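Asker: Sharing a structure below in structure tokens format, with a few things to ask.
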Amino acid sequence: MSELTVARLTRDIETEGLNTLDGYRGWGGYQALPKALQMEPAEIEKWVSDSGLRGRGGAGFPTGRKWSLMPKGKKPRYLVANFDESEPGTFKDRYLVERNPHLVLEGILIAARAVDADQSFIYVRGEYAEVQELVRRCVDEARAAGLVGENILGSGWSQDVVVHGGAGAYICGEENALLESLNGNRGRPRPKPPYFPAVIGLYDAPTALNNVETLANVPLIIDHGVDWYRQYGTERSSGTRLLCGSGHVNRPGVFEVPQGIPMMSFINDLCGGMLDGQTLKAVQPGGSSSQFLTAAQCEDTNLDAESIQQHGSMAGSGAVIVIGESQCMVEYTARLADFYYRESCGKCTPCREGTFWLSRVVHRIERGGGRDEDIDLMVDVCNNIDGKSLCALGEAAAWPIRSSVQQFEAEYRAHVAAHGCPYKKAGAAAVA
Amino acid sequence: MPLELYDRDATYSILNEEEVARVRELRRRYPGRKSAILPALWILQGRQGILTAEGMREVARALDVPSAAVEAVASFYSMYFFKPHGRYAVEVCTNLSCHLRGSTEILRRFEDRVGCLAGATSEDGAITLLEVECMGACGGAPAVQVNHRFFEGMTAAKVDQLVDDLRADRVDLHRLPTGAEVAERETLVDLANPGANRVPLPARGSAGPVVDLVKSGEVLEGREHPAERGYVQAPSPPTQPPPAPRGEEARA
């Protein structure tokens, strides 16, 4: 499509029939699995560590290190693929799995081999009911071909893969909540420590929990080697990444790019520029939980974890939400606050109460009933969630809301002064 | 021999033999039997459209877990229904990316065409309209799901067409069992709004009314109410439900 993109995970992704076993074999699939079965688990782990592969779900934790944290020899142990993609703005995992599900399945099998798992699970969010059917079909196909189940490819190694459907809860994307949900409990996060599911995870056993995009990279690393993998990306963020462009752009979609391309070329060249020729107002570079970057900051931001972090935000799930001048930031933040308020599980007080009050206060400002003190109040509430909640959901609410207030304080003040939204007309015109 | 909390030979009035067998099979797939609660509840919902008290007890019986464990799980997630609903569940995403692309207008259009608020069922019992959070279709915003199939890039014209087609059963979709029949004889569990998130959506907009601190104590309403545009909130459950064909239980 463009010289900015690199097709690895997305090579020939629109090929018809790629989502079947034959199609995937024709694509070059299931070459890495026999190779991995010949390798020692520790060797696979070393390759993945050396490749510099980092988690693609949001936190960006090095995958090899995550696996190495699992206590050696402790049985049973499990592998869980996180396909509960529910961060607003993120749709890359669905895009990938809909089109190339066997790549993810092969990644799961190799990862299971690397961590010596007894059983593997794919947690699919409930809303992806149709994709879940596809994944089930793929696992059955692979089982019939001797790629899943007992004695895989005659190697003597066995692995069962279970497809587990969720039932609608944003918080189940958080690793501890996901494990609780898979355990058969309410999807509420566990108190930390222990900090890693690698120590105490599913059924209190050591568990490797990886995002499906992360796992899809594993067969490629085994197939092509570490040096090939590192050809793209930066020193700390190696390889390519699926980025989701959405919002006020002409061509929203999923693009596979080397990590570290400039934000502006992503918006202008890949996403086809701003919708209706608007000027850029702000960007959330890593899903709804990431802090806002202003248009000026976007000019010299690159889309890799370090560059985005230098500008005070995070690469998160790779969901770039582009906001044009027609959108009132207070209204946007009100919608954002509603989301976290509804999705907070209610287990810990800072998040349960904080998200409730943030939603109330920002709506009050948006509708013209706010006071000047409300602006400081919002920052104060955010500060009292940040670092004090049980899981990342609280912080995911506090970070963007605080950054919205700080970066766009003038808009909040204008709302207070005008007793209402001074931008309402412009916003309404743009979406009509 | 594991402890059997319930009698193995217990009779089932809601789940049929094949479904009980599927639930028991699920129980064997997982190292811990509680893990099978979520998929077993999907089987139950596929069967009768909604989760009822007796239905959840049967799931508990088939899994040999306390029914409190089943209800605790059921009440946490937003995709289970506890009240009868239409044979089509139209879920409109109004989260950030869809919001930027005009989902507010799309939801309002649906409310106008279906003739009820988000969270309620149309008068003819065909369509339940729901406002939902991000469904992972941000590239095709504004997006909706009908019975878990995506419809992306919605426009006012597409909304009109879709609602007409749904009413006339012209869309190639499995129809949900509405739960209306079951509701007549089973005890309903009052856990949540039908399919709404755990925090029920207030009738007057996402955050509901807020207090105006400038003009002391005055209440600021949420978004415009369809009733103010001449729409009546449909009764729920529908009084004359259409025959509810068995769903394909595609997602069970």
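Identifiers in the structure tokens: chain A, B, ... in order shown; residue index from 1 per chain; ligand index from 1 in order shown.
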Taking the chain letters and numbering used in this document, name the residues of region 283-415 of chain A that DSSP puts in helix (DSSP H, G or I), as a count of residues only.
Answerer: 80
Asker: Return as number ranges by chain the full set of residues in region 30-235 of chain B whose backbone-based DSSP assignment is strand (DSSP E or B).
Answerer: B: 52, 88-93, 121, 127-132, 144-146, 149-151, 188, 210-211, 219-220
Asker: What would the file look like if the residues just selected were written as a PDB file, in the first residue's frame with C-alpha atoms?
Answerer:
```pdb
ATOM      1  CA  THR B  52     -33.721 -17.352  34.732  1.00  0.00           C
ATOM      2  CA  TYR B  88     -33.052  -8.769  17.165  1.00  0.00           C
ATOM      3  CA  ALA B  89     -30.699  -7.026  19.573  1.00  0.00           C
ATOM      4  CA  VAL B  90     -29.346  -3.903  17.917  1.00  0.00           C
ATOM      5  CA  GLU B  91     -26.242  -2.744  19.766  1.00  0.00           C
ATOM      6  CA  VAL B  92     -25.033   0.725  18.863  1.00  0.00           C
ATOM      7  CA  CYS B  93     -21.476   1.616  19.829  1.00  0.00           C
ATOM      8  CA  THR B 121     -37.743  -2.972  23.085  1.00  0.00           C
ATOM      9  CA  ILE B 127     -36.053  -4.999  18.106  1.00  0.00           C
ATOM     10  CA  THR B 128     -34.263  -4.306  21.362  1.00  0.00           C
ATOM     11  CA  LEU B 129     -32.072  -1.239  21.065  1.00  0.00           C
ATOM     12  CA  LEU B 130     -28.953  -1.046  23.203  1.00  0.00           C
ATOM     13  CA  GLU B 131     -26.165   1.475  23.605  1.00  0.00           C
ATOM     14  CA  VAL B 132     -22.893  -0.375  24.089  1.00  0.00           C
ATOM     15  CA  VAL B 144     -23.468  -1.478  15.218  1.00  0.00           C
ATOM     16  CA  GLN B 145     -23.969  -5.156  15.881  1.00  0.00           C
ATOM     17  CA  VAL B 146     -27.204  -7.005  15.317  1.00  0.00           C
ATOM     18  CA  ARG B 149     -22.956  -9.544  13.448  1.00  0.00           C
ATOM     19  CA  PHE B 150     -21.165  -6.323  12.564  1.00  0.00           C
ATOM     20  CA  PHE B 151     -22.705  -3.598  10.412  1.00  0.00           C
ATOM     21  CA  LEU B 188     -36.939 -13.587  36.553  1.00  0.00           C
ATOM     22  CA  VAL B 210     -26.294  16.324  36.842  1.00  0.00           C
ATOM     23  CA  VAL B 211     -26.706  19.113  39.354  1.00  0.00           C
ATOM     24  CA  VAL B 219     -30.913  19.775  37.547  1.00  0.00           C
ATOM     25  CA  LEU B 220     -29.444  19.570  34.055  1.00  0.00           C
TER      26      LEU B 220
END
```
Asker: Within 8 Å of chain B, which residues of chain A are there when counting only C-alpha atoms? Please give them as an MDAnalysis selection string.
Answerer: chainID A and resid 85:91 94 126:130 132:133 162 164:169 181:187 203 244:248 252:254 288 321 323 327 332 335:336 338:339 342:343 359:360 363:364 367:371 431:432
Asker: Convert the current residue selection to file output with C-alpha atoms, as a PDB file, in the first residue's frame.
Answerer:
```
ATOM      1  CA  GLU A  85      -9.344  -6.819  22.768  1.00  0.00           C
ATOM      2  CA  SER A  86     -11.577  -4.187  24.290  1.00  0.00           C
ATOM      3  CA  GLU A  87      -9.529  -1.017  24.575  1.00  0.00           C
ATOM      4  CA  PRO A  88     -11.581   1.612  22.731  1.00  0.00           C
ATOM      5  CA  GLY A  89      -9.938   2.399  19.407  1.00  0.00           C
ATOM      6  CA  THR A  90      -8.320  -1.033  19.083  1.00  0.00           C
ATOM      7  CA  PHE A  91      -9.418  -3.475  16.400  1.00  0.00           C
ATOM      8  CA  ARG A  94      -9.897  -8.885  15.282  1.00  0.00           C
ATOM      9  CA  GLY A 126     -17.961 -12.146  23.864  1.00  0.00           C
ATOM     10  CA  GLU A 127     -18.682  -9.441  21.307  1.00  0.00           C
ATOM     11  CA  TYR A 128     -16.489 -11.272  18.776  1.00  0.00           C
ATOM     12  CA  ALA A 129     -18.985 -14.137  18.543  1.00  0.00           C
ATOM     13  CA  GLU A 130     -18.432 -14.694  14.833  1.00  0.00           C
ATOM     14  CA  GLN A 132     -14.883 -17.021  17.983  1.00  0.00           C
ATOM     15  CA  GLU A 133     -16.695 -19.485  15.723  1.00  0.00           C
ATOM     16  CA  VAL A 162      -9.422 -24.457  24.480  1.00  0.00           C
ATOM     17  CA  HIS A 164     -13.079 -19.667  25.800  1.00  0.00           C
ATOM     18  CA  GLY A 165     -15.667 -16.995  25.047  1.00  0.00           C
ATOM     19  CA  GLY A 166     -16.166 -14.022  27.340  1.00  0.00           C
ATOM     20  CA  ALA A 167     -19.474 -12.282  27.909  1.00  0.00           C
ATOM     21  CA  GLY A 168     -18.791  -8.569  27.807  1.00  0.00           C
ATOM     22  CA  ALA A 169     -16.541  -6.825  30.301  1.00  0.00           C
ATOM     23  CA  SER A 181     -12.801 -14.728  34.644  1.00  0.00           C
ATOM     24  CA  LEU A 182     -11.244 -17.829  33.112  1.00  0.00           C
ATOM     25  CA  ASN A 183     -11.147 -19.393  36.570  1.00  0.00           C
ATOM     26  CA  GLY A 184     -14.920 -19.073  36.564  1.00  0.00           C
ATOM     27  CA  ASN A 185     -15.270 -16.123  38.901  1.00  0.00           C
ATOM     28  CA  ARG A 186     -16.441 -12.563  38.458  1.00  0.00           C
ATOM     29  CA  GLY A 187     -13.847 -10.770  36.341  1.00  0.00           C
ATOM     30  CA  TYR A 203      -5.811 -21.990  38.905  1.00  0.00           C
ATOM     31  CA  CYS A 244      -5.186   1.059  14.302  1.00  0.00           C
ATOM     32  CA  GLY A 245      -6.039   4.465  12.893  1.00  0.00           C
ATOM     33  CA  SER A 246      -9.527   5.701  13.735  1.00  0.00           C
ATOM     34  CA  GLY A 247     -11.463   8.884  14.346  1.00  0.00           C
ATOM     35  CA  HIS A 248     -11.250  11.963  12.134  1.00  0.00           C
ATOM     36  CA  PRO A 252      -9.311   4.446   9.100  1.00  0.00           C
ATOM     37  CA  GLY A 253      -7.885   0.960   9.327  1.00  0.00           C
ATOM     38  CA  VAL A 254      -5.157  -1.372  10.500  1.00  0.00           C
ATOM     39  CA  SER A 288      -8.513   5.468  25.207  1.00  0.00           C
ATOM     40  CA  ILE A 321      -7.422   7.891  17.835  1.00  0.00           C
ATOM     41  CA  ILE A 323      -9.310  14.052  16.938  1.00  0.00           C
ATOM     42  CA  GLN A 327     -14.560  17.907  18.405  1.00  0.00           C
ATOM     43  CA  TYR A 332     -15.006  13.855  24.297  1.00  0.00           C
ATOM     44  CA  ARG A 335     -17.732  10.193  26.883  1.00  0.00           C
ATOM     45  CA  LEU A 336     -14.380   8.801  27.988  1.00  0.00           C
ATOM     46  CA  ASP A 338     -18.635   7.511  31.142  1.00  0.00           C
ATOM     47  CA  PHE A 339     -16.860   4.506  29.720  1.00  0.00           C
ATOM     48  CA  ARG A 342     -19.470   1.935  33.542  1.00  0.00           C
ATOM     49  CA  GLU A 343     -16.640  -0.526  33.213  1.00  0.00           C
ATOM     50  CA  SER A 359     -18.083  11.337  34.972  1.00  0.00           C
ATOM     51  CA  ARG A 360     -20.458  13.545  36.967  1.00  0.00           C
ATOM     52  CA  HIS A 363     -20.726  16.265  32.405  1.00  0.00           C
ATOM     53  CA  ARG A 364     -21.566  19.151  34.690  1.00  0.00           C
ATOM     54  CA  ARG A 367     -23.657  21.071  30.209  1.00  0.00           C
ATOM     55  CA  GLY A 368     -22.895  24.448  31.711  1.00  0.00           C
ATOM     56  CA  GLY A 369     -23.330  23.779  35.412  1.00  0.00           C
ATOM     57  CA  GLY A 370     -19.641  23.713  36.273  1.00  0.00           C
ATOM     58  CA  ARG A 371     -17.520  26.026  38.363  1.00  0.00           C
ATOM     59  CA  VAL A 431     -20.812  14.940  12.053  1.00  0.00           C
ATOM     60  CA  ALA A 432     -24.040  15.678  10.199  1.00  0.00           C
TER      61      ALA A 432
END
```
Asker: From the set A:Leu105, A:Asp372, A:Gly273, A:Phe356, which residue has the shortest atom-to-atom contact distance to Leu134 (chain A), counting only C-alpha atoms?
Answerer: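 Counting only C-alpha atoms, the residue closest to Leu134 (chain A) is A:Leu105.
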Asker: Would you mind listing what lies within 9 Å of Ala40 (chain B) as a list in words, with only C-alpha atoms counted and same-chain residues fewer than 4 positions away left out?
Answerer: Glu19, Arg22, Val23, Arg24, Leu26, Arg27, Ala36, Leu44, Gln45, Val59, Leu63 and Ala252 of chain B
Asker: Generate the output file for the selected residues, N, CA and C atoms, as a PDB file, in the first residue's frame.
Answerer:
```
ATOM      1  N   GLU B  19     -28.158 -30.682  25.712  1.00  0.00           N
ATOM      2  CA  GLU B  19     -27.516 -29.503  26.303  1.00  0.00           C
ATOM      3  C   GLU B  19     -26.844 -29.841  27.624  1.00  0.00           C
ATOM      4  N   ARG B  22     -23.691 -31.362  26.792  1.00  0.00           N
ATOM      5  CA  ARG B  22     -22.691 -30.369  26.363  1.00  0.00           C
ATOM      6  C   ARG B  22     -22.094 -29.651  27.566  1.00  0.00           C
ATOM      7  N   VAL B  23     -22.949 -29.325  28.537  1.00  0.00           N
ATOM      8  CA  VAL B  23     -22.458 -28.639  29.729  1.00  0.00           C
ATOM      9  C   VAL B  23     -21.483 -29.542  30.485  1.00  0.00           C
ATOM     10  N   ARG B  24     -21.854 -30.824  30.569  1.00  0.00           N
ATOM     11  CA  ARG B  24     -20.963 -31.761  31.276  1.00  0.00           C
ATOM     12  C   ARG B  24     -19.656 -31.964  30.523  1.00  0.00           C
ATOM     13  N   LEU B  26     -18.244 -29.645  28.722  1.00  0.00           N
ATOM     14  CA  LEU B  26     -17.477 -28.428  29.001  1.00  0.00           C
ATOM     15  C   LEU B  26     -16.718 -28.572  30.314  1.00  0.00           C
ATOM     16  N   ARG B  27     -17.411 -29.144  31.274  1.00  0.00           N
ATOM     17  CA  ARG B  27     -16.821 -29.301  32.601  1.00  0.00           C
ATOM     18  C   ARG B  27     -15.546 -30.146  32.534  1.00  0.00           C
ATOM     19  N   ALA B  36     -16.262 -23.568  33.400  1.00  0.00           N
ATOM     20  CA  ALA B  36     -17.279 -23.885  32.395  1.00  0.00           C
ATOM     21  C   ALA B  36     -18.558 -23.077  32.594  1.00  0.00           C
ATOM     22  N   LEU B  44     -27.344 -21.876  27.967  1.00  0.00           N
ATOM     23  CA  LEU B  44     -28.648 -21.591  28.561  1.00  0.00           C
ATOM     24  C   LEU B  44     -29.327 -20.428  27.847  1.00  0.00           C
ATOM     25  N   GLN B  45     -28.554 -19.360  27.592  1.00  0.00           N
ATOM     26  CA  GLN B  45     -29.140 -18.197  26.932  1.00  0.00           C
ATOM     27  C   GLN B  45     -29.550 -18.540  25.499  1.00  0.00           C
ATOM     28  N   VAL B  59     -27.873 -25.142  35.408  1.00  0.00           N
ATOM     29  CA  VAL B  59     -26.465 -25.065  34.999  1.00  0.00           C
ATOM     30  C   VAL B  59     -25.573 -25.464  36.172  1.00  0.00           C
ATOM     31  N   LEU B  63     -23.021 -28.713  36.458  1.00  0.00           N
ATOM     32  CA  LEU B  63     -21.587 -28.492  36.661  1.00  0.00           C
ATOM     33  C   LEU B  63     -21.132 -28.888  38.062  1.00  0.00           C
ATOM     34  N   ALA B 252     -22.552 -20.759  21.455  1.00  0.00           N
ATOM     35  CA  ALA B 252     -22.495 -21.554  22.673  1.00  0.00           C
ATOM     36  C   ALA B 252     -21.193 -22.346  22.719  1.00  0.00           C
TER      37      ALA B 252
END
```
Asker: Given only C-alpha atoms as the basis, pick out the residue of B:Gln161, B:Leu107, B:Ile43, B:Gly86 nearest to Glu123 (chain B).
Answerer: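 Looking at the shortest contact to Glu123 (chain B), the residue is B:Gly86.
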Asker: Select from region 257-362 of chain A every residue with an atom at most 8 Å from any atom of region 37-58 of chain A, then for each give the shortest pair of atoms and their distance in Å to one decimal, using only C-alpha atoms, rows by chain and rising number, as a Markdown table.
Answerer:
```
| residue | atom | partner | partner_atom | distance |
| --- | --- | --- | --- | --- |
| A:Gly286 | CA | A:Gly58 | CA | 7.7 |
| A:Ala315 | CA | A:Gly58 | CA | 7.1 |
| A:Gly316 | CA | A:Gly58 | CA | 3.8 |
| A:Ser317 | CA | A:Gly58 | CA | 4.2 |
| A:Gly318 | CA | A:Gly58 | CA | 7.5 |
```
